[in-house]
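Please read the structure below before turning to the comments.
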Amino acid sequence: MYKTVQYDPDRQLAAAPDPEQAEHRYTRLAGHRQAMQALQAAPPALAAGVLALLGYSNFLSNFLLCRPQALPRLLQEPALHAVGRCRNAGELRLCKYQELFKIACRELGGLWDCEQVLRAQSALADAILARALLLCIPADDGPGPCVLALGKLGGAELNFSSDVDLAFVSAAQPDGPAATAALNRYTRLLDERTEEGFLYRVDLRLRPWGPAGPLLLSVDAVGHYFASGAQAWERLAWMRMRPVTGALAAGRELQERLQPLLYPRSLDTATLQGWVHIKARLSRQRNHPGSWDVKAGAGGIRDLEFFAQLLQFLHGARRPELRVAATQTVLSRLPAAGLLSPQEAARARAAYQYLRSIENRLQMVDERQTHQLPNDTGTRLRLARSMGMQELADFESRLQDCRTVARNCFDSVLPLTLDASLTTGQ
C-alpha cells in the first residue's frame with residue numbers, strides 16, 4: 001500500500017486518506033521534538049502508516065496528540081506482555097489503545113495484511129480478557145470459570161470495534177450467587193466507559209437459554225443443553241467457540257463433548273430446515289433500505305461466513321480438518337475436502353479479506369461498531385485511500401467483484417448441498 005524508501009512527510013501526507021486533516025494533525029505533532037525524532041528514525045513504511053493514521057483515524061489520532069511524548073513507545077513492536085502487568089482497568093485501557101495504535105499503523109502502512117491484523121486484534125483481546133479476569137477473580141480463589149469466546153473473537157478474527165461474544169463454563173456445578181456476582185464485576189470492568197475509553201462491549205446473549213439463562217453453567221449442563229436440541233443458529237454460533245482464559249481444561253472438555261453435536265454424522269429434515277430458515281432470515285436482513293452494509297448486506301461478510309459454516313456443519317463429521325473457528329481457515333481447506341476448486345476457494349478467501357479490511361477501516365475512524373458503507377463520494381474516497389487506492393473507481397471495481405463472489409457463494413450453497421445430504425444421509 002504505502003510503499004516508501006525514505007521518510008518523506010510531504011509525499012506521505014499527500015498520499016494520506018485525508019491530506020488536509022493529516023497535515024493539520026502533523027503540524028500539531030511537529031512541535032514535539034521527541035516525537036519527530038522517533039518518527040524520522042522509524043522504518044519508512046511504519047512512519048507512512050502513522051501519517052496515514054493522522055489523516056484517517058480520529059480516535060487514534062486523538063490518543064497520540066494527547067500524549068505525543070509516547071510516540072517512541074508507540075512505534076515499537078506490539079508487546080502483549082505489558083497487558084499482564086496492568087494493575088487496574090485504567091492501565092488496561094491505556095494498554096489497549098497503545099496496542100491498537102501499533103496495529104493500525106502497521107495496517108495503514110501496508111506492513112500487515114488482513115489476516116495478521118485480525119489475529120493481532122484478537123490476541124490483544126485475549127490478553128485483556130485474561131488480565132481482567134485475574135483482577136476480578138484472583139487465581140488463588142480456586143479454578144474459577146473458563147471464559148469462552150464466540151463469534152469473531154472465537155475465530156480470532158476480531159475488528160477494531162467488535163463486540164466480544166462471551167460465555168462462561170465451569171468444570172463442576174457453580175455456586176450460583178457468588179459466581180454471578182464475580183462475573184458481573186468482570187463484565188462491568190470490560191464494559192465500563194470512561195474519558196480514557198473502554199475495553200470491550202460484552203455480548204452474553206449466545207449462552208444457553210440466552211439472557212434468561214445463568215451466566216455460568218457447568219460443562220455437563222451445556223452438554224445436555226445441546227444434546228437436547230439446541231436451535232440451528234445456536235449450533236452455528238458455537239461452532240466458533242474457543243476457550244480463552246480461566247479454567248481452560250473445562251473449556252477444552254466442553255469442546256470435545258460438543259464436537260459430535262455440532263458436526264453430526266446424520267442429518268434429519270428438521271435440522272436442515274433450520275438452516276433454510278437461517279438463510280431466509282439472512283436474506284431478509286441483507287435487503288434492508290439505506291446504505292450498503294458490509295457485514296449483513298447482499299454480497300457482504302455474512303454471505304461468506306454462512307457459506308463456510310454450512311459446509312462445516314454438513315461435512316465436519318467426516319472432515320475433521322473443517323472443524324475450525326476461523327472463516328479464512330475454513331475457506332482455505334475446502335479444496336482439500338473436495339468442496340471447492342482451488343480457484344474458487346482463493347476467490348472466496350480474497351473477497352472475505354477485502355470485505356473484512358473495509359469493515360476494519362470503517363471502525364478505525366471513530367471506534368464505532370459501524371458496518372455501513374458511506375454514500376457520499378468524499379467519505380468513500382477517504383476509505384479507498386486508506387486501503388492504498390488513490391482512485392475511487394479502483395475501489396468500487398474491486399468491491400463489486402468481491403460482492404459478486406460472496407453473493408454467489410450465499411445463493412448457491414443450500415440447494416445442491418441440502419438435496420445431496422437429504423438423499424444420501426451424508
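All residue names refer to the C-alpha cells as shown: chains lettered A, B, ... in order, residues numbered from 1 in each chain, ligands numbered from 1 in order.
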### Task
Apply DSSP to the backbone of this structure and, from stretch 175-364 of chain A, keep only the residues in helix (DSSP H, G or I); write these as a PyMOL selection string.
chain A and resi 176-191+210-212+219-227+232-238+248-262+269-285+301-315+320-322+327-333+342-364
### Message
Using only C-alpha atoms, which protein or nucleic acid residues come within 12 Å of A:Cys86? Drop anything in the same chain fewer than 5 positions from it, and give the result as a list in words.
### Response
Leu80, His81, Glu91, Leu92, Arg93, Leu94, Cys95, Lys96, Ala127, Ile128, Leu129, Ala130, Arg131, Ala132, Leu133, Leu134 and Leu135 of chain A
### Query
Which value, in Å to one decimal, gives the distance between atom CA of A:Ala298 and atom CA of A:Ser283?
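Atom CA of A:Ala298 sits 7.7 Å away from atom CA of A:Ser283.
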### Message
So the first atom is atom CA of A:Arg407 and the second is atom CA of A:Asp303; what is the distance between them in Å, to one decimal place?
### Response
6.3 Å
#### Entry: A:Lys295 surroundings by only C-alpha atoms, 9 Å radius, close-in-sequence under 5 positions cut, as a list of chain:residue names
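Result of the neighbour search: A:Arg286, A:Gly300, A:Ile301, A:Arg302, A:Asp303, A:Leu355, A:Arg356, A:Glu359, A:His371, A:Gln372.
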Can those selected residues be exported to a file as a short mmCIF file (atom, residue, chain, number, x, y, z; two decimals), in the first residue's frame so that it contains C-alpha atoms?
```
data_model
loop_
_atom_site.label_atom_id
_atom_site.label_comp_id
_atom_site.auth_asym_id
_atom_site.auth_seq_id
_atom_site.Cartn_x
_atom_site.Cartn_y
_atom_site.Cartn_z
CA ARG A 286 -29.39 -8.23 3.59
CA GLY A 300 -21.25 -8.96 2.39
CA ILE A 301 -19.26 -10.75 5.06
CA ARG A 302 -22.16 -12.81 6.41
CA ASP A 303 -22.73 -14.35 2.98
CA LEU A 355 -14.57 -7.07 2.92
CA ARG A 356 -13.10 -7.52 6.39
CA GLU A 359 -15.09 -3.27 7.89
CA HIS A 371 -20.76 -1.54 9.01
CA GLN A 372 -22.44 1.00 6.74
#
```
### Query
stretch 161-285 of chain A: which residues are strand (DSSP E or B) by DSSP, as a ChimeraX atom specification?
/A:164-170,194,197,202-203,216-218,242-246
Print the selection's residues with N, CA and C atoms to a file, as a CSV table (one decimal), in the first residue's frame.
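The result, written out as again.csv:
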```csv
chain,number,residue,atom,x,y,z
A,164,VAL,N,-17.3,-8.4,22.0
A,164,VAL,CA,-16.8,-9.7,22.2
A,164,VAL,C,-18.0,-10.6,22.7
A,165,ASP,N,-18.3,-11.6,22.0
A,165,ASP,CA,-19.3,-12.6,22.4
A,165,ASP,C,-18.7,-13.6,23.3
A,166,LEU,N,-19.2,-13.6,24.6
A,166,LEU,CA,-18.6,-14.5,25.6
A,166,LEU,C,-19.7,-15.4,26.2
A,167,ALA,N,-19.2,-16.5,26.7
A,167,ALA,CA,-20.0,-17.4,27.6
A,167,ALA,C,-19.0,-17.9,28.7
A,168,PHE,N,-19.5,-18.4,29.7
A,168,PHE,CA,-18.7,-18.9,30.8
A,168,PHE,C,-19.1,-20.3,31.2
A,169,VAL,N,-18.1,-21.1,31.5
A,169,VAL,CA,-18.4,-22.5,31.9
A,169,VAL,C,-17.4,-22.9,33.0
A,170,SER,N,-17.9,-23.9,33.8
A,170,SER,CA,-17.1,-24.4,34.9
A,170,SER,C,-17.1,-25.9,34.9
A,194,THR,N,-15.2,5.4,30.1
A,194,THR,CA,-14.6,6.5,30.9
A,194,THR,C,-14.0,7.5,29.9
A,197,GLY,N,-11.7,5.9,27.5
A,197,GLY,CA,-12.2,5.0,26.5
A,197,GLY,C,-12.8,3.8,27.3
A,202,VAL,N,-19.4,-6.2,25.8
A,202,VAL,CA,-19.6,-7.6,26.0
A,202,VAL,C,-21.0,-8.0,25.7
A,203,ASP,N,-21.1,-9.1,24.8
A,203,ASP,CA,-22.4,-9.6,24.5
A,203,ASP,C,-22.5,-11.1,25.0
A,216,LEU,N,-23.2,-18.6,34.4
A,216,LEU,CA,-22.2,-19.6,34.5
A,216,LEU,C,-22.9,-21.0,34.6
A,217,LEU,N,-22.5,-21.9,33.7
A,217,LEU,CA,-23.0,-23.2,33.6
A,217,LEU,C,-21.9,-24.2,33.7
A,218,SER,N,-22.2,-25.4,34.2
A,218,SER,CA,-21.2,-26.5,34.2
A,218,SER,C,-21.1,-27.1,32.8
A,242,ARG,N,-14.2,-20.9,21.4
A,242,ARG,CA,-12.8,-21.1,21.7
A,242,ARG,C,-12.5,-20.7,23.2
A,243,PRO,N,-12.0,-21.6,24.0
A,243,PRO,CA,-11.6,-21.2,25.3
A,243,PRO,C,-10.5,-20.2,25.3
A,244,VAL,N,-10.6,-19.1,26.1
A,244,VAL,CA,-9.7,-18.0,26.1
A,244,VAL,C,-8.8,-17.9,27.3
A,245,THR,N,-9.5,-18.0,28.5
A,245,THR,CA,-8.7,-17.8,29.7
A,245,THR,C,-9.5,-18.5,30.9
A,246,GLY,N,-8.9,-18.5,32.0
A,246,GLY,CA,-9.5,-19.1,33.2
A,246,GLY,C,-9.3,-20.6,33.2
```
### Message
List as a VMD selection string the protein and nucleic acid residues near A:Ala156, meaning an atom at most 7 Å away when only C-alpha atoms are counted, but skip any in the same chain fewer than 5 places from it.
### Response
chain A and resid 118 to 119 122 326
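For the residues A:Leu150, A:Asn184, A:Ala221, A:Ala22, ranking by smallest atom-to-atom distance to A:Arg235 using only C-alpha atoms places A:Leu150 first.
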